[in-house]
file protein_24.pdb (PDB, C-alpha atoms)
ATOM      1  CA  MET B   2     -17.526  -2.430   6.089
ATOM      2  CA  GLY B   3     -14.854  -2.949   8.724
ATOM      3  CA  GLY B   4     -16.740  -5.967  10.077
ATOM      4  CA  GLN B   5     -16.034  -7.750   6.796
ATOM      5  CA  VAL B   6     -12.292  -7.365   7.293
ATOM      6  CA  ARG B   7     -10.280  -9.559   9.661
ATOM      7  CA  VAL B   8      -6.799  -9.305  11.128
ATOM      8  CA  SER B   9      -5.006 -12.645  11.254
ATOM      9  CA  GLU B  10      -1.325 -13.091  12.143
ATOM     10  CA  GLY B  11      -0.418  -9.556  11.127
ATOM     11  CA  ALA B  12      -2.351  -9.662   7.835
ATOM     12  CA  LEU B  13      -5.545  -7.986   6.710
ATOM     13  CA  GLU B  14      -7.988 -10.520   5.291
ATOM     14  CA  LEU B  15     -10.422  -8.783   2.946
ATOM     15  CA  PRO B  16     -13.633 -10.069   1.358
ATOM     16  CA  GLY B  17     -13.140 -12.136  -1.793
ATOM     17  CA  GLY B  18     -10.158 -14.033  -0.397
ATOM     18  CA  ALA B  19      -7.633 -11.174  -0.631
ATOM     19  CA  THR B  20      -4.849 -10.771   1.938
ATOM     20  CA  VAL B  21      -2.692  -7.668   2.434
ATOM     21  CA  ARG B  22       0.414  -7.467   4.597
ATOM     22  CA  PHE B  23       2.290  -4.269   5.437
ATOM     23  CA  MET B  24       6.018  -4.964   5.184
ATOM     24  CA  ARG B  25       9.140  -3.156   6.378
ATOM     25  CA  THR B  26      11.996  -2.208   4.112
ATOM     26  CA  LEU B  27      14.816   0.348   3.734
ATOM     27  CA  ARG B  28      14.361   3.900   2.510
ATOM     28  CA  LEU B  29      15.976   4.522  -0.862
ATOM     29  CA  PRO B  30      17.983   7.651  -1.679
ATOM     30  CA  GLU B  31      15.808  10.295  -3.286
ATOM     31  CA  THR B  32      18.151  10.768  -6.228
ATOM     32  CA  GLY B  33      18.385   8.283  -9.096
ATOM     33  CA  THR B  34      16.289   5.182  -9.790
ATOM     34  CA  HIS B  35      16.968   2.074  -7.739
ATOM     35  CA  PRO B  36      16.150  -1.651  -7.670
ATOM     36  CA  LEU B  37      13.729  -2.799  -5.022
ATOM     37  CA  PRO B  38      15.131  -3.115  -1.482
ATOM     38  CA  PRO B  39      14.670  -6.298   0.567
ATOM     39  CA  GLY B  40      11.655  -7.152   2.673
ATOM     40  CA  LEU B  41      12.445  -7.102   6.410
ATOM     41  CA  GLY B  42       9.329  -8.541   8.020
ATOM     42  CA  GLY B  43       5.822  -7.320   8.652
ATOM     43  CA  PHE B  44       4.310  -4.563  10.772
ATOM     44  CA  PRO B  45       1.957  -5.532  13.615
ATOM     45  CA  LEU B  46      -1.684  -4.469  13.278
ATOM     46  CA  ARG B  47      -4.269  -3.583  15.936
ATOM     47  CA  TRP B  48      -7.919  -2.565  15.630
ATOM     48  CA  ALA B  49      -8.433   1.103  16.525
ATOM     49  CA  ALA B  50     -11.831   0.232  18.012
ATOM     50  CA  ASP B  51     -10.099  -1.881  20.670
ATOM     51  CA  TYR B  52      -8.787   1.358  22.223
ATOM     52  CA  PRO B  53     -11.861   3.647  22.470
ATOM     53  CA  ASP B  54     -10.358   5.760  25.241
ATOM     54  CA  GLN B  55      -6.847   6.045  23.803
ATOM     55  CA  ALA B  56      -7.126   6.216  19.997
ATOM     56  CA  PRO B  57      -7.685   9.629  18.353
ATOM     57  CA  GLU B  58     -11.311  10.486  17.706
ATOM     58  CA  GLN B  59     -10.692  10.732  13.954
ATOM     59  CA  TRP B  60      -9.275   7.200  13.874
ATOM     60  CA  LEU B  61     -12.254   5.851  15.780
ATOM     61  CA  GLY B  62     -14.548   7.615  13.321
ATOM     62  CA  HIS B  63     -12.862   5.933  10.362
ATOM     63  CA  GLY B  64     -12.444   2.594  12.095
ATOM     64  CA  GLY B  65      -9.759   0.291  10.760
ATOM     65  CA  VAL B  66      -6.357  -0.679  12.105
ATOM     66  CA  LEU B  67      -3.163   1.013  13.274
ATOM     67  CA  LEU B  68       0.499   0.117  12.889
ATOM     68  CA  PRO B  69       3.728   1.617  14.297
ATOM     69  CA  VAL B  70       6.304   2.979  11.861
ATOM     70  CA  PHE B  71       9.705   4.630  12.255
ATOM     71  CA  GLN B  72      11.192   7.349  10.081
ATOM     72  CA  ARG B  73      14.101   5.115   9.136
ATOM     73  CA  GLU B  74      11.671   2.607   7.580
ATOM     74  CA  ALA B  75       9.764   2.438   4.328
ATOM     75  CA  VAL B  76       6.575   0.463   3.714
ATOM     76  CA  TRP B  77       5.506  -1.921   0.976
ATOM     77  CA  LEU B  78       2.298  -3.906   0.549
ATOM     78  CA  SER B  79       2.373  -7.663  -0.083
ATOM     79  CA  PHE B  80      -0.701  -9.225  -1.744
ATOM     80  CA  SER B  81      -2.221 -12.657  -2.164
ATOM     81  CA  ALA B  82      -5.701 -13.883  -3.132
ATOM     82  CA  SER B  83      -7.574 -17.148  -3.585
ATOM     83  CA  ALA B  84      -9.639 -15.713  -6.463
ATOM     84  CA  PRO B  85      -9.377 -12.633  -8.689
ATOM     85  CA  VAL B  86     -10.230  -9.345  -6.969
ATOM     86  CA  ALA B  87      -9.693  -5.686  -7.798
ATOM     87  CA  LEU B  88      -7.981  -3.754  -5.012
ATOM     88  CA  GLN B  89      -7.802   0.020  -4.704
ATOM     89  CA  VAL B  90      -4.932   1.465  -2.660
ATOM     90  CA  GLY B  91      -5.174   5.039  -1.445
ATOM     91  CA  VAL B  92      -2.383   7.001   0.229
ATOM     92  CA  GLY B  93      -3.939  10.028   1.828
ATOM     93  CA  GLN B  94      -6.285  11.292  -0.864
ATOM     94  CA  VAL B  95      -4.093   9.970  -3.710
ATOM     95  CA  CYS B  96      -4.594   6.735  -5.642
ATOM     96  CA  ALA B  97      -1.277   4.881  -5.480
ATOM     97  CA  VAL B  98      -1.982   3.033  -8.748
ATOM     98  CA  SER B  99      -2.818   5.970 -11.010
ATOM     99  CA  GLY B 100      -1.111   8.776  -9.112
ATOM    100  CA  ARG B 101      -4.340  10.780  -9.383
ATOM    101  CA  PRO B 102      -6.808  11.908  -6.717
ATOM    102  CA  TRP B 103      -8.614   9.088  -4.930
ATOM    103  CA  SER B 104     -11.971   7.888  -6.303
ATOM    104  CA  ASP B 105     -14.326   5.374  -4.690
ATOM    105  CA  HIS B 106     -15.149   3.796  -8.069
ATOM    106  CA  LEU B 107     -13.102   1.545 -10.343
ATOM    107  CA  ALA B 108     -11.784   3.086 -13.559
ATOM    108  CA  GLN B 109      -9.526   1.937 -16.391
ATOM    109  CA  ASP B 110      -8.630   5.258 -18.014
ATOM    110  CA  PRO B 111      -6.373   5.485 -16.146
ATOM    111  CA  GLN B 112      -6.570   2.229 -14.193
ATOM    112  CA  ASN B 113      -6.944   2.994 -10.503
ATOM    113  CA  TYR B 114      -6.681  -0.509  -9.005
ATOM    114  CA  VAL B 115      -4.502  -3.621  -9.004
ATOM    115  CA  VAL B 116      -5.728  -7.124  -9.776
ATOM    116  CA  LEU B 117      -4.894  -9.877  -7.301
ATOM    117  CA  PRO B 118      -3.301 -12.378  -7.323
ATOM    118  CA  ARG B 119      -1.578 -11.189 -10.520
ATOM    119  CA  GLN B 120      -0.077  -8.182  -8.731
ATOM    120  CA  PRO B 121       2.172  -9.549  -5.946
ATOM    121  CA  TRP B 122       3.156  -6.254  -4.293
ATOM    122  CA  LEU B 123       3.111  -2.477  -4.422
ATOM    123  CA  ASP B 124       5.829  -0.253  -3.005
ATOM    124  CA  GLY B 125       4.628   3.237  -3.730
ATOM    125  CA  ILE B 126       2.871   5.759  -5.918
ATOM    126  CA  ASN B 127       2.920   5.753  -9.703
ATOM    127  CA  SER B 128       5.523   8.033 -11.230
ATOM    128  CA  GLY B 129       5.361   6.528 -14.747
ATOM    129  CA  ARG B 130       7.793   4.745 -17.053
ATOM    130  CA  GLY B 131       7.728   1.604 -14.929
ATOM    131  CA  THR B 132       8.751   3.428 -11.748
ATOM    132  CA  ILE B 133       7.187   4.333  -8.425
ATOM    133  CA  ARG B 134       7.998   6.699  -5.571
ATOM    134  CA  GLN B 135       8.559   4.679  -2.422
ATOM    135  CA  LEU B 136       6.187   4.971   0.548
ATOM    136  CA  VAL B 137       8.161   6.473   3.433
ATOM    137  CA  ALA B 138       7.221   7.601   6.911
ATOM    138  CA  VAL B 139       6.374  11.297   7.179
ATOM    139  CA  PRO B 140       6.255  12.493  10.795
ATOM    140  CA  PRO B 141       3.773  15.101  12.028
ATOM    141  CA  GLU B 142       5.034  18.652  11.643
ATOM    142  CA  PRO B 143       3.264  21.874  12.570
ATOM    143  CA  GLY B 144       1.716  23.399   9.470
ATOM    144  CA  ALA B 145       2.486  20.392   7.247
ATOM    145  CA  VAL B 146      -0.037  18.615   5.049
ATOM    146  CA  THR B 147       1.071  15.315   3.585
ATOM    147  CA  ALA B 148      -1.679  14.739   1.026
ATOM    148  CA  PRO B 149      -3.725  16.841  -1.407
ATOM    149  CA  ARG B 150      -7.365  17.291  -0.491
ATOM    150  CA  GLY B 151     -10.354  17.637  -2.770
ATOM    151  CA  PRO B 152     -13.406  19.824  -2.041
ATOM    152  CA  ALA B 153     -15.048  17.112   0.079
ATOM    153  CA  ALA B 154     -11.909  15.192   1.081
ATOM    154  CA  GLU B 155     -11.227  14.194   4.653
ATOM    155  CA  ASP B 156      -8.124  15.063   6.649
ATOM    156  CA  TRP B 157      -6.608  11.694   5.852
ATOM    157  CA  VAL B 158      -2.897  10.827   5.712
ATOM    158  CA  GLY B 159      -2.932   7.063   6.135
ATOM    159  CA  VAL B 160      -3.761   4.194   3.781
ATOM    160  CA  GLN B 161      -7.167   3.027   2.650
ATOM    161  CA  LEU B 162      -7.904  -0.254   0.899
ATOM    162  CA  GLN B 163     -11.073  -1.075  -1.011
ATOM    163  CA  VAL B 164     -11.799  -4.437  -2.631
ATOM    164  CA  PHE B 165     -14.181  -5.334  -5.477
ATOM    165  CA  GLU B 166     -15.126  -8.892  -6.393
ATOM    166  CA  LEU B 167     -16.036 -10.395  -9.754
ATOM    167  CA  ARG B 168     -19.694 -10.347 -10.729
ATOM    168  CA  ALA B 169     -21.438 -13.634  -9.983
ATOM    169  CA  ARG B 170     -21.662 -14.729 -13.632
ATOM    170  CA  VAL B 171     -17.992 -13.929 -14.261
ATOM    171  CA  ARG B 172     -16.862 -15.657 -11.092
ATOM    172  CA  ALA B 173     -18.896 -18.743 -12.059
ATOM    173  CA  ARG B 174     -17.118 -18.868 -15.435
ATOM    174  CA  TRP B 175     -13.748 -18.484 -13.738
ATOM    175  CA  GLN B 176     -14.509 -21.292 -11.296
ATOM    176  CA  ALA B 177     -15.634 -23.560 -14.143
ATOM    177  CA  ALA B 178     -12.387 -22.852 -15.974
ATOM    178  CA  GLN B 179     -10.412 -23.729 -12.846
ATOM    179  CA  ARG B 180     -12.230 -27.047 -12.497
ATOM    180  CA  ALA B 181     -11.661 -27.841 -16.188
ATOM    181  CA  ARG B 182      -7.954 -27.209 -15.836
ATOM    182  CA  ALA B 183      -7.789 -29.487 -12.818
ATOM    183  CA  VAL B 184      -9.584 -32.245 -14.730
ATOM    184  CA  ARG B 185      -7.146 -31.893 -17.612
ATOM    185  CA  GLY B 186      -4.321 -32.325 -15.149
ATOM    186  CA  ARG B 187      -2.867 -28.920 -15.842
ATOM    187  CA  ASP B 188      -0.786 -27.225 -13.207
ATOM    188  CA  VAL B 189      -3.080 -24.739 -11.491
ATOM    189  CA  ALA B 190      -0.406 -23.560  -9.074
ATOM    190  CA  GLY B 191       1.143 -21.215 -11.618
ATOM    191  CA  TRP B 192       1.172 -17.475 -11.477
ATOM    192  CA  GLY B 193      -2.252 -15.900 -11.467
ATOM    193  CA  GLU B 194      -4.179 -19.004 -10.370
ATOM    194  CA  VAL B 195      -5.667 -20.072  -7.060
ATOM    195  CA  GLY B 196      -2.861 -20.883  -4.661
ATOM    196  CA  GLY B 197      -0.367 -19.407  -7.126
ATOM    197  CA  ALA B 198       3.158 -19.108  -5.828
ATOM    198  CA  ARG B 199       4.849 -15.741  -6.022
ATOM    199  CA  PRO B 200       7.660 -15.458  -8.560
ATOM    200  CA  GLY B 201      11.225 -15.672  -7.342
ATOM    201  CA  ARG B 202      12.693 -12.694  -5.556
ATOM    202  CA  PHE B 203      14.345 -11.427  -8.709
ATOM    203  CA  GLY B 204      11.767 -12.746 -11.164
ATOM    204  CA  PRO B 205       9.275 -10.169 -12.481
ATOM    205  CA  ALA B 206       5.612 -11.109 -12.627
ATOM    206  CA  PRO B 207       4.154 -11.408 -16.135
ATOM    207  CA  GLY B 208       1.652  -8.905 -17.426
ATOM    208  CA  VAL B 209       1.267  -5.652 -19.293
ATOM    209  CA  PRO B 210       2.497  -2.607 -17.356
ATOM    210  CA  LEU B 211       0.286   0.433 -17.084
ATOM    211  CA  ALA B 212       1.187   3.447 -19.155
ATOM    212  CA  ALA B 213       2.823   6.411 -17.483
ATOM    213  CA  PRO B 214       0.339   8.915 -16.058
ATOM    214  CA  ALA B 215      -0.096  12.135 -17.980
ATOM    215  CA  ALA B 216       2.049  14.988 -16.724
ATOM    216  CA  GLU B 217      -0.986  16.983 -15.641
ATOM    217  CA  ALA B 218      -2.435  14.011 -13.753
ATOM    218  CA  GLY B 219      -0.204  14.343 -10.703
ATOM    219  CA  PRO B 220      -1.523  15.335  -7.285
ATOM    220  CA  GLY B 221      -2.476  18.965  -6.831
ATOM    221  CA  GLU B 222      -1.170  21.410  -4.268
ATOM    222  CA  PRO B 223      -2.194  20.710  -0.690
ATOM    223  CA  ALA B 224      -4.953  22.791   0.814
ATOM    224  CA  GLY B 225      -7.190  22.795   3.844
ATOM    225  CA  PRO B 226      -6.597  22.175   7.538
ATOM    226  CA  THR B 227      -3.256  21.186   8.941
ATOM    227  CA  VAL B 228      -2.652  17.452   9.324
ATOM    228  CA  THR B 229      -0.774  16.574  12.503
ATOM    229  CA  ALA B 230      -0.923  12.770  12.426
ATOM    230  CA  PRO B 231       2.028  10.902  10.907
ATOM    231  CA  GLY B 232       1.475   9.686   7.377
ATOM    232  CA  LEU B 233       3.191   8.391   4.272
ATOM    233  CA  GLY B 234       5.083  10.511   1.792
ATOM    234  CA  ALA B 235       6.661   9.865  -1.611
ATOM    235  CA  GLY B 236      10.340   8.993  -1.238
ATOM    236  CA  GLY B 237      13.006   7.553  -3.540
ATOM    237  CA  ARG B 238      12.272   6.258  -7.018
ATOM    238  CA  MET B 239      12.470   2.559  -7.867
ATOM    239  CA  ARG B 240      11.755   0.292 -10.802
ATOM    240  CA  GLN B 241       8.358  -1.369 -10.501
ATOM    241  CA  GLU B 242       5.325  -1.952 -12.673
ATOM    242  CA  VAL B 243       1.624  -2.232 -12.037
ATOM    243  CA  TYR B 244      -0.038  -4.648 -14.425
ATOM    244  CA  ARG B 245      -2.974  -3.742 -16.606
ATOM    245  CA  ASP B 246      -6.250  -5.524 -16.007
ATOM    246  CA  PRO B 247      -7.055  -7.720 -19.041
ATOM    247  CA  ARG B 248     -10.727  -7.896 -18.052
ATOM    248  CA  PRO B 249     -13.406  -5.405 -19.103
ATOM    249  CA  LEU B 250     -14.476  -3.094 -16.291
ATOM    250  CA  ASP B 251     -17.973  -4.599 -16.384
ATOM    251  CA  ASP B 252     -16.583  -7.896 -15.025
ATOM    252  CA  TRP B 253     -16.257  -6.292 -11.596
ATOM    253  CA  GLU B 254     -18.993  -5.466  -9.132
ATOM    254  CA  ARG B 255     -19.922  -1.788  -9.047
ATOM    255  CA  GLU B 256     -19.846  -1.591  -5.253
ATOM    256  CA  PRO B 257     -16.945  -2.671  -3.021
ATOM    257  CA  SER B 258     -17.402  -5.641  -0.740
ATOM    258  CA  GLY B 259     -14.946  -4.326   1.827
ATOM    259  CA  ARG B 260     -13.033  -1.224   2.863
ATOM    260  CA  VAL B 261     -10.533  -0.586   5.613
ATOM    261  CA  PHE B 262      -8.435   2.350   6.818
ATOM    262  CA  VAL B 263      -4.873   1.904   8.073
ATOM    263  CA  HIS B 264      -3.644   4.498  10.578
ATOM    264  CA  LEU B 265       0.062   5.148  11.113
ATOM    265  CA  ALA B 266       1.392   5.745  14.614
ATOM    266  CA  THR B 267       4.754   6.841  15.922
ATOM    267  CA  ALA B 268       6.401   4.612  18.509
ATOM    268  CA  ALA B 269       5.259   6.936  21.287
ATOM    269  CA  GLN B 270       1.681   7.019  19.978
ATOM    270  CA  TRP B 271       1.625   3.228  19.657
ATOM    271  CA  ARG B 272       2.692   2.840  23.298
ATOM    272  CA  ARG B 273       0.211   5.468  24.479
ATOM    273  CA  ILE B 274      -2.704   3.893  22.577
ATOM    274  CA  THR B 275      -2.030   0.174  22.924
ATOM    275  CA  GLY B 276      -0.099   0.153  26.215
ATOM    276  CA  GLU B 277       2.676  -1.911  24.642
ATOM    277  CA  PRO B 278       6.055  -0.818  23.250
ATOM    278  CA  ALA B 279       6.467  -0.691  19.505
ATOM    279  CA  PRO B 280       8.239  -3.885  18.365
ATOM    280  CA  ALA B 281      11.936  -3.462  17.726
ATOM    281  CA  SER B 282      12.577  -2.600  14.094
ATOM    282  CA  PRO B 283      15.019  -4.717  12.058
ATOM    283  CA  VAL B 284      15.840  -1.564  10.108
ATOM    284  CA  ASP B 285      19.089  -0.119  11.476
ATOM    285  CA  ARG B 286      22.417   1.274  10.315
ATOM    286  CA  ALA B 287      23.784  -2.250   9.744
ATOM    287  CA  ALA B 288      20.836  -3.166   7.496
ATOM    288  CA  TYR B 289      21.512  -0.112   5.344
ATOM    289  CA  ALA B 290      25.227  -0.875   5.167
ATOM    290  CA  SER B 291      24.509  -4.485   4.164
ATOM    291  CA  ALA B 292      22.270  -3.278   1.323
ATOM    292  CA  GLY B 293      24.810  -0.689   0.158
ATOM    293  CA  LEU B 294      22.476   2.223   0.946
ATOM    294  CA  PRO B 295      23.360   5.442   2.776
ATOM    295  CA  TRP B 296      22.309   5.952   6.381
ATOM    296  CA  PHE B 297      21.327   9.542   7.066
ATOM    297  CA  GLU B 298      22.027  10.924  10.510
ATOM    298  CA  HIS B 299      18.412  12.042  11.003
ATOM    299  CA  TYR B 300      17.373   8.360  10.940
ATOM    300  CA  ASP B 301      18.885   8.120  14.426
ATOM    301  CA  ALA B 302      16.329  10.603  15.711
ATOM    302  CA  ASP B 303      13.515   8.062  15.856
ATOM    303  CA  ALA B 304      15.338   5.491  17.957
ATOM    304  CA  ALA B 305      12.672   6.302  20.536
ATOM    305  CA  ASP B 306      10.171   8.076  18.287
ATOM    306  CA  MET B 307       9.802   9.483  14.784
ATOM    307  CA  ALA B 308      11.389  12.895  14.261
ATOM    308  CA  ALA B 309      11.082  15.421  11.486
ATOM    309  CA  PRO B 310      13.109  14.617   8.349
ATOM    310  CA  ALA B 311      16.089  16.732   7.358
ATOM    311  CA  PRO B 312      15.266  19.405   4.747
ATOM    312  CA  GLY B 313      15.073  17.998   1.236
ATOM    313  CA  ARG B 314      15.104  14.374   2.358
ATOM    314  CA  THR B 315      11.405  13.581   1.900
ATOM    315  CA  ALA B 316       9.150  14.428  -1.019
ATOM    316  CA  ARG B 317       5.578  14.932   0.164
ATOM    317  CA  LEU B 318       2.532  13.815  -1.759
ATOM    318  CA  GLY B 319       1.415  17.391  -2.086
ATOM    319  CA  ASP B 320       4.600  18.277  -3.944
ATOM    320  CA  GLY B 321       3.217  16.586  -7.051
ATOM    321  CA  GLN B 322       6.330  14.387  -7.216
ATOM    322  CA  GLY B 323       4.780  11.227  -5.950
ATOM    323  CA  GLN B 324       2.947   8.861  -8.204
ATOM    324  CA  ALA B 325       3.365   3.451  -9.482
ATOM    325  CA  ALA B 326       4.296   0.169 -10.156
ATOM    326  CA  ASP B 327       7.723  -4.220 -10.929
ATOM    327  CA  ARG B 328       8.648  -5.902  -7.658
ATOM    328  CA  GLU B 329      11.526  -8.294  -7.452
ATOM    329  CA  ARG B 330      11.328  -9.424  -3.849
TER
END
call {"tool": "encode", "arguments": {"input": "protein_24.pdb", "output": "structure tokens"}}
result
Amino acid sequence: MGGQVRVSEGALELPGGATVRFMRTLRLPETGTHPLPPGLGGFPLRWAADYPDQAPEQWLGHGGVLLPVFQREAVWLSFSASAPVALQVGVGQVCAVSGRPWSDHLAQDPQNYVVLPRQPWLDGINSGRGTIRQLVAVPPEPGAVTAPRGPAAEDWVGVQLQVFELRARVRARWQAAQRARAVRGRDVAGWGEVGGARPGRFGPAPGVPLAAPAAEAGPGEPAGPTVTAPGLGAGGRMRQEVYRDPRPLDDWEREPSGRVFVHLATAAQWRRITGEPAPASPVDRAAYASAGLPWFEHYDADAADMAAPAPGRTARLGDGQGQAADRER
């Protein structure tokens, strides 16, 4: 399905008119619950297939894109869409929306997808009560596994995105409604419509937040082969909501129209694979000080590359602590 996905100006363009950008931000402390940190620009993206002799064999097998990330950075996903689509977001083998193991099929009990353009962003993995655990860089460590694996799961520690479009009859009704609104002179640039502007940085998007996941629904203990590639782990907790889909599940196609894997590289891996240095990160000690957040000394370790986190600093997905969703960027 990778041929149905395009990279344009640092954004992934998915079938159905959906666009996903991977954005930099600051890592939050892993104690307490925090407001959302600022966005600090996007990550560059490159197709893994463009580097058949340099990219790891596993990445070439999955296809998709790669991006460079530093330990001092956290990642959030920015969304837009020209028509309603359902988007699944997987982190390793965990669904970021439900906090449960990844499934290739849409579900509403619990909901395992976000609806675009209603959902403007996602910063992490559902931890319930209107909070998420932030997506943070987890460097490769001998013997470490950063995501739980099911019986047939792959050794996967990156991000996977899968998009579902409306069924033809439902999309036709939606398009007719859009045309009727335009004829009536109503403002169709509001939230949730085609071309809808995102709410203000501190203005929450409307909608009904998903319920907290059941206590037993968290990720299981990691098992299986060691994962040595860098990945994403569950970091500090922040206030954010994922909005419930008001549509019946039958409104969506049963099969996805596009899927793409996103591979994370350290600065050294990025240079080795692409032949170019990783772009300078805007995330530094001054950025943390400006935001009133602590700078941990081990953040300095990845000035040239990503080093192992200090003990206790990073919660891994396999710990069962990570799980989603109210952005105020």
call {"tool": "closest_residue", "arguments": {"input": "protein_24.pdb", "among": "B:Trp77, B:Phe165, B:Tyr114, B:Trp175", "to": "Arg134 of chain B", "atoms": "only C-alpha atoms"}}
result
B:Trp77
call {"tool": "atom_distance", "arguments": {"input": "protein_24.pdb", "atom1": "atom CA of Asn127 of chain B", "atom2": "atom CA of Gly100 of chain B"}}
result
5.1 Å
call {"tool": "closest_residue", "arguments": {"input": "protein_24.pdb", "among": "B:Gln72, B:Ser79, B:Ser99, B:Thr267", "to": "Gly11 of chain B", "atoms": "only C-alpha atoms"}}
result
B:Ser79
call {"tool": "resolve_selection", "arguments": {"input": "protein_24.pdb", "expression": "the PyMOL selection byres ((chain B and resi 252-263) around 6)", "output": "PyMOL selection string"}}
result
chain B and resi 2-3+16+65-67+159-168+249-251+264
call {"tool": "resolve_selection", "arguments": {"input": "protein_24.pdb", "expression": "the PyMOL selection byres ((chain B and resi 8) around 10)", "output": "JSON, numbers by chain"}}
result
{"B": [6, 7, 9, 10, 11, 12, 13, 14, 15, 20, 21, 22, 45, 46, 47, 48, 66]}
call {"tool": "residues_around", "arguments": {"input": "protein_24.pdb", "residues": "segment 289-297 of chain B", "least_positions_apart": "4", "cutoff": "9 Å", "atoms": "only C-alpha atoms", "output": "PyMOL selection string"}}
result
chain B and resi 27-30+38-39+73+284-285+301+311
call {"tool": "residues_around", "arguments": {"input": "protein_24.pdb", "residues": "Gln55 of chain B", "least_positions_apart": "2", "cutoff": "6 Å", "atoms": "only C-alpha atoms", "output": "PDB file with C-alpha atoms, in the frame of the given file"}}
result
ATOM      1  CA  TYR B  52      -8.787   1.358  22.223  1.00  0.00           C
ATOM      2  CA  PRO B  53     -11.861   3.647  22.470  1.00  0.00           C
ATOM      3  CA  ILE B 274      -2.704   3.893  22.577  1.00  0.00           C
TER       4      ILE B 274
END
call {"tool": "atom_distance", "arguments": {"input": "protein_24.pdb", "atom1": "atom CA of Val90 of chain B", "atom2": "atom CA of Arg172 of chain B"}}
result
22.5 Å
call {"tool": "closest_residue", "arguments": {"input": "protein_24.pdb", "among": "B:Gly18, B:Pro283, B:Gly237, B:Pro102", "to": "Gln135 of chain B", "atoms": "all atoms listed in the file"}}
result
B:Gly237
